[in-house]
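As stored in query.pdb (PDB, C-alpha atoms):
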```pdb
ATOM      1  CA  MET A   1      19.746  99.508 -31.454
ATOM      2  CA  GLU A   2      15.987 100.092 -31.607
ATOM      3  CA  ASP A   3      14.018  97.814 -33.875
ATOM      4  CA  ILE A   4      10.446  98.927 -33.540
ATOM      5  CA  LEU A   5       7.595  97.583 -35.638
ATOM      6  CA  GLY A   6       5.273 100.389 -36.637
ATOM      7  CA  ILE A   7       1.665  99.448 -37.403
ATOM      8  CA  ALA A   8      -0.816 102.292 -37.800
ATOM      9  CA  GLU A   9       0.150 104.732 -35.060
ATOM     10  CA  LYS A  10       1.420 102.065 -32.687
ATOM     11  CA  LYS A  11       5.050 101.305 -31.923
ATOM     12  CA  ILE A  12       5.376  97.583 -31.274
ATOM     13  CA  ASN A  13       8.426  96.246 -29.461
ATOM     14  CA  ASN A  14       7.452  92.618 -29.234
ATOM     15  CA  ARG A  15       7.063  90.713 -32.500
ATOM     16  CA  THR A  16       5.411  87.666 -30.944
ATOM     17  CA  PHE A  17       1.685  88.226 -31.232
ATOM     18  CA  ILE A  18      -0.274  85.727 -29.161
ATOM     19  CA  GLY A  19      -3.740  84.263 -29.540
ATOM     20  CA  THR A  20      -5.810  83.660 -26.426
ATOM     21  CA  GLY A  21      -7.580  80.483 -27.508
ATOM     22  CA  LYS A  22      -7.264  76.997 -26.012
ATOM     23  CA  PHE A  23      -5.507  77.843 -22.763
ATOM     24  CA  SER A  24      -6.701  75.682 -19.902
ATOM     25  CA  SER A  25      -7.473  78.788 -17.862
ATOM     26  CA  PHE A  26      -7.490  82.549 -18.156
ATOM     27  CA  ALA A  27      -4.945  82.700 -15.341
ATOM     28  CA  LEU A  28      -2.501  80.527 -17.276
ATOM     29  CA  MET A  29      -3.082  82.591 -20.409
ATOM     30  CA  GLN A  30      -2.346  85.735 -18.424
ATOM     31  CA  GLU A  31       0.864  84.244 -17.070
ATOM     32  CA  ALA A  32       2.036  83.404 -20.580
ATOM     33  CA  LEU A  33       1.239  86.874 -21.900
ATOM     34  CA  LEU A  34       3.096  88.498 -19.017
ATOM     35  CA  ALA A  35       6.093  86.172 -19.341
ATOM     36  CA  VAL A  36       6.515  87.215 -22.976
ATOM     37  CA  GLY A  37       5.526  90.837 -22.617
ATOM     38  CA  THR A  38       3.569  90.576 -25.810
ATOM     39  CA  ASP A  39       2.170  93.732 -27.344
ATOM     40  CA  VAL A  40      -0.606  92.294 -29.513
ATOM     41  CA  VAL A  41      -3.220  89.790 -28.411
ATOM     42  CA  THR A  42      -6.190  88.373 -30.319
ATOM     43  CA  VAL A  43      -9.655  87.613 -28.979
ATOM     44  CA  ALA A  44     -12.886  86.456 -30.587
ATOM     45  CA  LEU A  45     -16.470  87.663 -30.255
ATOM     46  CA  ARG A  46     -19.342  85.333 -29.406
ATOM     47  CA  ARG A  47     -22.854  85.375 -28.056
ATOM     48  CA  VAL A  48     -22.898  85.485 -24.293
ATOM     49  CA  ASP A  49     -24.062  82.265 -22.714
ATOM     50  CA  ILE A  50     -26.997  83.540 -20.733
ATOM     51  CA  SER A  51     -27.158  80.473 -18.534
ATOM     52  CA  SER A  52     -23.569  80.632 -17.317
ATOM     53  CA  GLN A  53     -21.787  83.935 -16.961
ATOM     54  CA  LYS A  54     -18.073  83.445 -17.262
ATOM     55  CA  ASP A  55     -15.146  85.644 -16.242
ATOM     56  CA  ASN A  56     -14.367  88.587 -18.470
ATOM     57  CA  ILE A  57     -11.315  87.661 -20.530
ATOM     58  CA  LEU A  58     -10.292  91.309 -20.695
ATOM     59  CA  ASP A  59      -9.557  91.189 -16.970
ATOM     60  CA  TYR A  60      -6.738  88.746 -17.739
ATOM     61  CA  ILE A  61      -5.092  90.589 -20.600
ATOM     62  CA  PRO A  62      -2.385  93.082 -19.577
ATOM     63  CA  LYS A  63      -3.622  96.640 -19.995
ATOM     64  CA  SER A  64      -0.621  97.523 -22.136
ATOM     65  CA  CYS A  65      -1.621  95.025 -24.835
ATOM     66  CA  ILE A  66      -3.241  95.994 -28.099
ATOM     67  CA  ILE A  67      -6.441  93.958 -28.309
ATOM     68  CA  MET A  68      -7.033  92.658 -31.813
ATOM     69  CA  PRO A  69     -10.480  91.068 -32.093
ATOM     70  CA  ASN A  70     -10.781  88.553 -34.901
ATOM     71  CA  THR A  71     -13.897  88.101 -36.988
ATOM     72  CA  SER A  72     -13.885  84.334 -36.567
ATOM     73  CA  GLY A  73     -17.270  82.838 -37.280
ATOM     74  CA  ALA A  74     -17.698  85.083 -40.305
ATOM     75  CA  ARG A  75     -18.427  83.162 -43.485
ATOM     76  CA  ASN A  76     -18.540  86.198 -45.734
ATOM     77  CA  ALA A  77     -17.616  89.873 -45.802
ATOM     78  CA  ASP A  78     -20.948  91.081 -44.399
ATOM     79  CA  GLU A  79     -20.614  88.855 -41.345
ATOM     80  CA  ALA A  80     -17.022  89.957 -40.822
ATOM     81  CA  VAL A  81     -18.036  93.602 -40.987
ATOM     82  CA  ARG A  82     -20.862  93.028 -38.523
ATOM     83  CA  ILE A  83     -18.529  91.294 -36.048
ATOM     84  CA  ALA A  84     -15.882  93.986 -36.429
ATOM     85  CA  ARG A  85     -18.386  96.752 -35.685
ATOM     86  CA  LEU A  86     -19.608  94.925 -32.588
ATOM     87  CA  ALA A  87     -16.037  94.385 -31.426
ATOM     88  CA  LYS A  88     -15.207  98.049 -31.891
ATOM     89  CA  ALA A  89     -18.273  98.999 -29.871
ATOM     90  CA  ALA A  90     -16.762  97.137 -26.917
ATOM     91  CA  GLY A  91     -14.361 100.038 -26.612
ATOM     92  CA  CYS A  92     -11.013  98.266 -26.808
ATOM     93  CA  GLY A  93      -9.670 100.059 -29.833
ATOM     94  CA  ASN A  94     -10.095  99.858 -33.571
ATOM     95  CA  TRP A  95      -7.768  97.057 -34.552
ATOM     96  CA  VAL A  96      -9.368  94.071 -36.243
ATOM     97  CA  LYS A  97      -8.047  90.822 -37.632
ATOM     98  CA  ILE A  98     -10.292  89.969 -40.533
ATOM     99  CA  GLU A  99     -10.915  86.245 -40.626
ATOM    100  CA  VAL A 100     -13.448  84.987 -43.150
ATOM    101  CA  ILE A 101     -13.678  81.216 -43.429
ATOM    102  CA  SER A 102     -16.324  79.038 -45.002
ATOM    103  CA  ASP A 103     -14.143  75.925 -45.251
ATOM    104  CA  ASN A 104     -14.731  73.772 -42.179
ATOM    105  CA  LYS A 105     -12.125  71.155 -42.996
ATOM    106  CA  TYR A 106      -8.971  73.190 -43.388
ATOM    107  CA  LEU A 107     -10.224  76.536 -42.057
ATOM    108  CA  LEU A 108      -8.560  78.226 -45.002
ATOM    109  CA  PRO A 109      -9.487  81.887 -45.354
ATOM    110  CA  ASP A 110     -11.621  83.164 -48.221
ATOM    111  CA  ASN A 111      -9.370  85.800 -49.736
ATOM    112  CA  LEU A 112     -12.082  87.379 -51.893
ATOM    113  CA  GLU A 113     -14.537  87.903 -49.037
ATOM    114  CA  THR A 114     -11.641  89.071 -46.865
ATOM    115  CA  LEU A 115     -10.771  91.707 -49.469
ATOM    116  CA  LYS A 116     -14.362  92.952 -49.509
ATOM    117  CA  ALA A 117     -14.311  93.260 -45.722
ATOM    118  CA  VAL A 118     -10.989  95.131 -45.851
ATOM    119  CA  GLU A 119     -12.491  97.667 -48.252
ATOM    120  CA  ILE A 120     -15.469  98.377 -46.032
ATOM    121  CA  LEU A 121     -13.724  98.389 -42.665
ATOM    122  CA  ALA A 122     -10.698 100.412 -43.719
ATOM    123  CA  LYS A 123     -13.060 103.160 -44.921
ATOM    124  CA  GLU A 124     -14.741 103.117 -41.495
ATOM    125  CA  GLY A 125     -11.436 103.829 -39.793
ATOM    126  CA  PHE A 126     -10.513 100.377 -38.551
ATOM    127  CA  VAL A 127      -6.882  99.309 -38.404
ATOM    128  CA  VAL A 128      -7.258  96.258 -40.597
ATOM    129  CA  LEU A 129      -5.006  93.199 -40.467
ATOM    130  CA  PRO A 130      -6.355  90.552 -42.850
ATOM    131  CA  TYR A 131      -5.694  86.878 -42.258
ATOM    132  CA  MET A 132      -5.253  85.428 -45.735
ATOM    133  CA  SER A 133      -3.967  82.619 -47.909
ATOM    134  CA  PRO A 134      -0.583  83.689 -49.248
ATOM    135  CA  ASP A 135      -1.253  85.245 -52.647
ATOM    136  CA  LEU A 136       0.833  88.207 -53.719
ATOM    137  CA  SER A 137      -1.739  89.809 -55.992
ATOM    138  CA  MET A 138      -4.483  89.474 -53.406
ATOM    139  CA  ALA A 139      -2.193  90.923 -50.753
ATOM    140  CA  LYS A 140      -1.529  93.936 -52.969
ATOM    141  CA  ARG A 141      -5.268  94.439 -53.445
ATOM    142  CA  MET A 142      -5.820  94.268 -49.702
ATOM    143  CA  ILE A 143      -3.091  96.830 -49.115
ATOM    144  CA  ASP A 144      -4.542  99.125 -51.778
ATOM    145  CA  ALA A 145      -7.894  98.736 -50.028
ATOM    146  CA  GLY A 146      -6.377  99.919 -46.739
ATOM    147  CA  ALA A 147      -4.895  96.931 -44.922
ATOM    148  CA  VAL A 148      -1.967  98.063 -42.737
ATOM    149  CA  CYS A 149      -0.271  94.697 -42.987
ATOM    150  CA  VAL A 150      -1.082  91.226 -44.261
ATOM    151  CA  MET A 151      -1.199  88.010 -42.299
ATOM    152  CA  PRO A 152      -0.605  84.974 -44.512
ATOM    153  CA  LEU A 153      -1.093  81.558 -42.975
ATOM    154  CA  GLY A 154       1.830  79.234 -42.331
ATOM    155  CA  SER A 155      -0.349  76.125 -42.387
ATOM    156  CA  PRO A 156      -3.937  75.396 -41.314
ATOM    157  CA  ILE A 157      -5.123  76.831 -38.011
ATOM    158  CA  GLY A 158      -4.237  74.584 -35.094
ATOM    159  CA  SER A 159      -2.357  72.097 -37.269
ATOM    160  CA  ASN A 160       1.096  72.889 -35.907
ATOM    161  CA  ARG A 161       2.586  71.965 -39.293
ATOM    162  CA  GLY A 162       4.887  74.965 -39.567
ATOM    163  CA  VAL A 163       5.543  77.299 -42.471
ATOM    164  CA  LYS A 164       4.344  75.099 -45.315
ATOM    165  CA  THR A 165       3.676  78.260 -47.301
ATOM    166  CA  GLU A 166       7.298  79.340 -46.994
ATOM    167  CA  GLU A 167       7.988  80.069 -50.653
ATOM    168  CA  LEU A 168       4.879  82.185 -51.124
ATOM    169  CA  VAL A 169       5.501  84.074 -47.881
ATOM    170  CA  ARG A 170       9.074  84.718 -48.954
ATOM    171  CA  ILE A 171       7.804  86.281 -52.175
ATOM    172  CA  MET A 172       5.360  88.439 -50.248
ATOM    173  CA  VAL A 173       8.088  89.672 -47.894
ATOM    174  CA  SER A 174      10.247  90.505 -50.881
ATOM    175  CA  GLU A 175       7.608  92.377 -52.856
ATOM    176  CA  LEU A 176       5.392  94.115 -50.289
ATOM    177  CA  SER A 177       6.090  97.329 -48.469
ATOM    178  CA  VAL A 178       3.877  96.570 -45.464
ATOM    179  CA  PRO A 179       4.620  94.233 -42.554
ATOM    180  CA  VAL A 180       4.005  90.552 -43.278
ATOM    181  CA  VAL A 181       2.899  88.661 -40.170
ATOM    182  CA  VAL A 182       2.691  84.881 -40.469
ATOM    183  CA  ASP A 183      -0.383  83.672 -38.645
ATOM    184  CA  ALA A 184      -1.612  80.089 -38.080
ATOM    185  CA  GLY A 185      -0.035  76.714 -38.040
ATOM    186  CA  LEU A 186       3.302  77.581 -36.454
ATOM    187  CA  GLY A 187       4.045  74.496 -34.374
ATOM    188  CA  LYS A 188       7.379  75.101 -32.705
ATOM    189  CA  PRO A 189       9.716  77.981 -31.980
ATOM    190  CA  SER A 190      11.992  77.147 -34.910
ATOM    191  CA  ASP A 191       9.003  77.754 -37.225
ATOM    192  CA  ALA A 192       8.695  81.251 -35.813
ATOM    193  CA  CYS A 193      12.440  81.768 -36.081
ATOM    194  CA  LYS A 194      12.310  80.748 -39.737
ATOM    195  CA  CYS A 195       9.593  83.313 -40.437
ATOM    196  CA  MET A 196      11.630  86.067 -38.862
ATOM    197  CA  GLU A 197      14.811  85.002 -40.654
ATOM    198  CA  MET A 198      12.867  85.351 -43.922
ATOM    199  CA  GLY A 199      12.075  88.928 -43.087
ATOM    200  CA  CYS A 200       8.583  88.649 -41.660
ATOM    201  CA  ALA A 201       7.692  91.501 -39.349
ATOM    202  CA  ALA A 202       6.101  89.341 -36.672
ATOM    203  CA  VAL A 203       4.275  86.082 -36.090
ATOM    204  CA  LEU A 204       0.968  85.214 -34.461
ATOM    205  CA  VAL A 205       1.027  82.016 -32.426
ATOM    206  CA  ASN A 206      -1.750  80.409 -30.436
ATOM    207  CA  THR A 207      -2.282  76.628 -30.428
ATOM    208  CA  ALA A 208       1.364  75.581 -30.148
ATOM    209  CA  ILE A 209       1.692  77.639 -26.985
ATOM    210  CA  ALA A 210      -1.706  77.012 -25.426
ATOM    211  CA  ILE A 211      -1.758  73.235 -25.763
ATOM    212  CA  SER A 212       1.865  72.573 -24.869
ATOM    213  CA  ARG A 213       2.683  70.926 -21.584
ATOM    214  CA  ASP A 214       4.035  74.197 -20.187
ATOM    215  CA  PRO A 215       2.429  77.115 -22.013
ATOM    216  CA  VAL A 216       4.281  79.802 -20.082
ATOM    217  CA  ASN A 217       7.660  78.312 -20.883
ATOM    218  CA  MET A 218       6.632  77.595 -24.467
ATOM    219  CA  ALA A 219       5.530  81.191 -24.936
ATOM    220  CA  VAL A 220       8.942  82.338 -23.765
ATOM    221  CA  ALA A 221      10.615  79.830 -26.100
ATOM    222  CA  PHE A 222       8.639  81.193 -29.050
ATOM    223  CA  ASN A 223       9.525  84.736 -28.114
ATOM    224  CA  GLU A 224      13.217  83.931 -27.859
ATOM    225  CA  ALA A 225      13.037  82.260 -31.275
ATOM    226  CA  VAL A 226      11.321  85.309 -32.746
ATOM    227  CA  LYS A 227      14.002  87.558 -31.289
ATOM    228  CA  ALA A 228      16.796  85.310 -32.582
ATOM    229  CA  GLY A 229      15.313  85.155 -36.059
ATOM    230  CA  ARG A 230      14.795  88.885 -36.186
ATOM    231  CA  ARG A 231      18.313  89.590 -34.963
ATOM    232  CA  ALA A 232      19.693  87.231 -37.605
ATOM    233  CA  TYR A 233      17.647  88.872 -40.350
ATOM    234  CA  ILE A 234      18.776  92.396 -39.547
ATOM    235  CA  SER A 235      22.357  91.170 -39.235
ATOM    236  CA  GLY A 236      22.349  89.948 -42.819
ATOM    237  CA  ILE A 237      22.133  86.187 -43.225
ATOM    238  CA  PRO A 238      24.770  84.978 -45.736
ATOM    239  CA  SER A 239      23.366  83.134 -48.717
ATOM    240  CA  GLY A 240      23.882  79.405 -49.128
ATOM    241  CA  GLU A 241      26.587  78.034 -51.464
ATOM    242  CA  ILE A 242      26.791  74.754 -53.317
ATOM    243  CA  THR A 243      30.528  74.328 -52.835
ATOM    244  CA  ALA A 244      32.605  74.690 -49.707
ATOM    245  CA  LYS A 245      34.395  77.886 -48.725
ATOM    246  CA  ALA A 246      37.269  77.113 -46.329
ATOM    247  CA  SER A 247      37.367  79.103 -43.125
ATOM    248  CA  SER A 248      41.153  79.155 -42.778
ATOM    249  CA  PRO A 249      43.887  80.109 -45.297
ATOM    250  CA  LEU A 250      44.726  77.485 -47.917
ATOM    251  CA  THR A 251      48.468  78.040 -47.455
ATOM    252  CA  GLY A 252      50.963  77.225 -44.727
ATOM    253  CA  PHE A 253      49.858  73.658 -44.251
ATOM    254  CA  LEU A 254      52.175  71.553 -42.114
ATOM    255  CA  GLY A 255      54.116  68.773 -43.893
ATOM    256  CA  ARG A 256      53.371  69.924 -47.423
ATOM    257  CA  ASN A 257      56.032  70.390 -50.110
ATOM    258  CA  VAL A 258      55.839  73.934 -51.323
TER     259      VAL A 258
ATOM    260  CA  MET B   1     -44.712  89.457 -26.360
ATOM    261  CA  ILE B   2     -41.910  87.383 -27.864
ATOM    262  CA  ILE B   3     -38.392  88.639 -28.370
ATOM    263  CA  ARG B   4     -35.483  86.711 -29.849
ATOM    264  CA  ILE B   5     -32.335  86.853 -27.750
ATOM    265  CA  ASN B   6     -29.155  85.187 -28.971
ATOM    266  CA  GLY B   7     -31.113  83.017 -31.334
ATOM    267  CA  LYS B   8     -33.743  81.850 -28.845
ATOM    268  CA  ASN B   9     -37.282  83.053 -28.393
ATOM    269  CA  GLU B  10     -38.237  84.417 -25.008
ATOM    270  CA  GLU B  11     -41.584  85.541 -23.732
ATOM    271  CA  ILE B  12     -41.754  88.864 -21.927
ATOM    272  CA  THR B  13     -44.924  89.651 -20.070
ATOM    273  CA  ASN B  14     -44.429  93.357 -19.470
ATOM    274  CA  SER B  15     -42.922  96.139 -21.500
ATOM    275  CA  ILE B  16     -39.375  96.737 -20.345
ATOM    276  CA  ASN B  17     -36.488  98.902 -21.458
ATOM    277  CA  LEU B  18     -33.253  97.363 -22.644
ATOM    278  CA  ALA B  19     -31.224  98.563 -19.645
ATOM    279  CA  ASP B  20     -33.567  96.957 -17.149
ATOM    280  CA  PHE B  21     -33.818  93.808 -19.227
ATOM    281  CA  ILE B  22     -30.039  93.386 -19.300
ATOM    282  CA  LYS B  23     -29.741  94.139 -15.602
ATOM    283  CA  GLY B  24     -32.447  91.598 -14.892
ATOM    284  CA  LYS B  25     -30.532  88.937 -16.773
ATOM    285  CA  GLY B  26     -27.484  89.541 -14.601
ATOM    286  CA  PHE B  27     -25.129  90.412 -17.445
ATOM    287  CA  LYS B  28     -21.852  92.092 -16.617
ATOM    288  CA  GLU B  29     -22.640  95.327 -18.382
ATOM    289  CA  ARG B  30     -19.090  96.441 -18.998
ATOM    290  CA  ALA B  31     -18.243  93.195 -20.728
ATOM    291  CA  ILE B  32     -21.022  93.037 -23.316
ATOM    292  CA  VAL B  33     -22.072  94.683 -26.550
ATOM    293  CA  VAL B  34     -25.708  94.745 -27.590
ATOM    294  CA  GLU B  35     -27.152  94.667 -31.074
ATOM    295  CA  TYR B  36     -30.845  95.497 -31.203
ATOM    296  CA  ASN B  37     -32.638  94.765 -34.480
ATOM    297  CA  ASN B  38     -29.282  94.893 -36.300
ATOM    298  CA  ASN B  39     -28.234  98.170 -34.687
ATOM    299  CA  ILE B  40     -25.516  98.439 -32.081
ATOM    300  CA  ILE B  41     -26.868 100.323 -29.080
ATOM    301  CA  PRO B  42     -24.271 102.068 -26.894
ATOM    302  CA  GLN B  43     -24.646 101.374 -23.202
ATOM    303  CA  GLU B  44     -25.637 104.961 -22.428
ATOM    304  CA  ASP B  45     -28.696 104.556 -24.695
ATOM    305  CA  TRP B  46     -29.959 101.235 -23.351
ATOM    306  CA  HIS B  47     -32.536 102.892 -21.101
ATOM    307  CA  ASN B  48     -34.032 104.656 -24.139
ATOM    308  CA  VAL B  49     -34.921 101.430 -25.916
ATOM    309  CA  LEU B  50     -38.296  99.889 -25.083
ATOM    310  CA  LEU B  51     -38.508  96.241 -26.083
ATOM    311  CA  GLN B  52     -41.317  95.383 -28.514
ATOM    312  CA  ASP B  53     -42.830  92.200 -29.888
ATOM    313  CA  ASN B  54     -40.533  90.439 -32.394
ATOM    314  CA  ASP B  55     -37.438  92.421 -31.411
ATOM    315  CA  VAL B  56     -34.133  90.649 -32.036
ATOM    316  CA  LEU B  57     -31.274  91.008 -29.603
ATOM    317  CA  GLU B  58     -27.714  89.815 -29.995
ATOM    318  CA  ILE B  59     -25.692  90.100 -26.802
ATOM    319  CA  VAL B  60     -22.025  89.382 -27.345
ATOM    320  CA  SER B  61     -18.729  89.592 -25.524
ATOM    321  CA  PHE B  62     -15.069  88.861 -26.096
ATOM    322  CA  VAL B  63     -13.920  85.278 -25.655
ATOM    323  CA  SER B  64     -10.709  83.382 -26.246
ATOM    324  CA  GLY B  65      -9.549  83.255 -29.826
ATOM    325  CA  GLY B  66      -6.490  83.182 -32.054
TER     326      GLY B  66
END
```
So that I can check it, write out the structure of this file as structure tokens.
Amino acid sequence: MEDILGIAEKKINNRTFIGTGKFSSFALMQEALLAVGTDVVTVALRRVDISSQKDNILDYIPKSCIIMPNTSGARNADEAVRIARLAKAAGCGNWVKIEVISDNKYLLPDNLETLKAVEILAKEGFVVLPYMSPDLSMAKRMIDAGAVCVMPLGSPIGSNRGVKTEELVRIMVSELSVPVVVDAGLGKPSDACKCMEMGCAAVLVNTAIAISRDPVNMAVAFNEAVKAGRRAYISGIPSGEITAKASSPLTGFLGRNV
Amino acid sequence: MIIRINGKNEEITNSINLADFIKGKGFKERAIVVEYNNNIIPQEDWHNVLLQDNDVLEIVSFVSGG
């Protein structure tokens, strides 16, 4: 049974989006991406270090991947828009993950500036995926402004604390008609599985894979968890009960007087 | 003349076009995007831009990121 995720005009098979940060080498990153067969990969944009020319990261990302540049470094909407336009000029497509952060301690996104960036970039024809703090009304505004999905955080970037925002994400999944992709803070495969069981469309994972002892194997573990969670969700997870419900008939017991 | 490239001032003795300047720096042309005085200049137009005093260049490329 096909279970494709449609975002903009793309048909996405693999619901484990992977960030390229923090890997010990581009070669290892490439191995992890290939092992998973991921469809969506994030990159950042920075000034070139004139004194030391490094390898081109694009040479290590499978050609079949959708490249989603983030606007990390942006502290407001104007900076995010500027970064997005530069990223688009690199010629790798028009997807952009809007990331606007002025909080250096928790790296929590600024939803208001993110919304402003969504409005501008969606009008310019970008496929806009905003990274945001889970907030249903803000998510609705972003969607009205042209966001094709929303990406609420699970917990702070790089914290590996899991889906601390579970209840708010659950509400978003229930009320929104666009894909909800949990991004940031997922620390272990069961976190990703939980997101998918809740009905999220996909997850974006970076740190927990890149800094593990065996990133390739960890990437596969995350992907298997995403697949398990998704399969469970579409199979219809039974709701929890307070009291027990016996699994065998309550009659015909041996040694009982009838 | 002085131009500002990636936040640092640099002295250029002779007038030079953007394409030659980038080539001279040894950048991998296919991997970079250039913003010249707040305008993105496509690679095919680099040779049309003559650097002037006080020009501001931002030369960026993709790096790792989540």
Which residues match the PyMOL selection byres ((chain A and resi 129) around 7) in the file above, as an MDAnalysis selection string? chainID A and resid 96:98 127:128 130:131 147:151
Could the residues in this selection be saved with C-alpha atoms as a PDB file, keeping the file's coordinate frame?
```pdb
ATOM      1  CA  VAL A  96      -9.368  94.071 -36.243  1.00  0.00           C
ATOM      2  CA  LYS A  97      -8.047  90.822 -37.632  1.00  0.00           C
ATOM      3  CA  ILE A  98     -10.292  89.969 -40.533  1.00  0.00           C
ATOM      4  CA  VAL A 127      -6.882  99.309 -38.404  1.00  0.00           C
ATOM      5  CA  VAL A 128      -7.258  96.258 -40.597  1.00  0.00           C
ATOM      6  CA  PRO A 130      -6.355  90.552 -42.850  1.00  0.00           C
ATOM      7  CA  TYR A 131      -5.694  86.878 -42.258  1.00  0.00           C
ATOM      8  CA  ALA A 147      -4.895  96.931 -44.922  1.00  0.00           C
ATOM      9  CA  VAL A 148      -1.967  98.063 -42.737  1.00  0.00           C
ATOM     10  CA  CYS A 149      -0.271  94.697 -42.987  1.00  0.00           C
ATOM     11  CA  VAL A 150      -1.082  91.226 -44.261  1.00  0.00           C
ATOM     12  CA  MET A 151      -1.199  88.010 -42.299  1.00  0.00           C
TER      13      MET A 151
END
```
Would you give me, as a ChimeraX atom specification, the residues of chain B that come within 8 Å of chain A, using all atoms listed in the file? /B:6,25,27,31-35,40,42,58-66
Give as a list in words the residues that the PyMOL selection byres ((chain B and resi 14) around 12) matches when applied to the coordinates above.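 Against this file, the PyMOL selection byres ((chain B and resi 14) around 12) returns the residues Met1, Ile2, Ile3, Glu11, Ile12, Thr13, Ser15, Ile16, Asn17, Asp20, Phe21, Leu50, Leu51, Gln52 and Asp53 of chain B.
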Could you turn the residues from that selection into a file that holds C-alpha atoms, as a PDB file, in the frame of the given file?
```pdb
ATOM      1  CA  MET B   1     -44.712  89.457 -26.360  1.00  0.00           C
ATOM      2  CA  ILE B   2     -41.910  87.383 -27.864  1.00  0.00           C
ATOM      3  CA  ILE B   3     -38.392  88.639 -28.370  1.00  0.00           C
ATOM      4  CA  GLU B  11     -41.584  85.541 -23.732  1.00  0.00           C
ATOM      5  CA  ILE B  12     -41.754  88.864 -21.927  1.00  0.00           C
ATOM      6  CA  THR B  13     -44.924  89.651 -20.070  1.00  0.00           C
ATOM      7  CA  SER B  15     -42.922  96.139 -21.500  1.00  0.00           C
ATOM      8  CA  ILE B  16     -39.375  96.737 -20.345  1.00  0.00           C
ATOM      9  CA  ASN B  17     -36.488  98.902 -21.458  1.00  0.00           C
ATOM     10  CA  ASP B  20     -33.567  96.957 -17.149  1.00  0.00           C
ATOM     11  CA  PHE B  21     -33.818  93.808 -19.227  1.00  0.00           C
ATOM     12  CA  LEU B  50     -38.296  99.889 -25.083  1.00  0.00           C
ATOM     13  CA  LEU B  51     -38.508  96.241 -26.083  1.00  0.00           C
ATOM     14  CA  GLN B  52     -41.317  95.383 -28.514  1.00  0.00           C
ATOM     15  CA  ASP B  53     -42.830  92.200 -29.888  1.00  0.00           C
TER      16      ASP B  53
END
```
Axis-aligned box for all listed atoms of region 2-12 of chain A, 5 Å per side, centre and edges in Å to one decimal, as JSON:
```
{"center_x": 7.6, "center_y": 101.2, "center_z": -34.5, "size_x": 26.8, "size_y": 17.1, "size_z": 16.5}
```
For a test of reading the model, state the distance in Å between CA of Gly154 (chain A) and CA of Val181 (chain A), rounded to one decimal.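 Between CA of Gly154 (chain A) and CA of Val181 (chain A) the gap is 9.7 Å.
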Apply the PyMOL selection byres ((chain A and resi 234) around 10) to the displayed file and report the matching residues as a PyMOL selection string. chain A and resi 3+196-197+199+229-233+235-237
Provide the CA of Glu175 (chain A) to CA of Leu136 (chain A) distance in Å, to one decimal place. 8.0 Å
Do you know which residues are at most 8 Å from Pro62 (chain A) counting all atoms listed in the file, after dropping those on the same chain fewer than 4 positions away, and could you put them as a ChimeraX atom specification? /A:30,33-34
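As for CA of Arg161 (chain A) and CA of Asn111 (chain A), they are spaced 21.1 Å apart.
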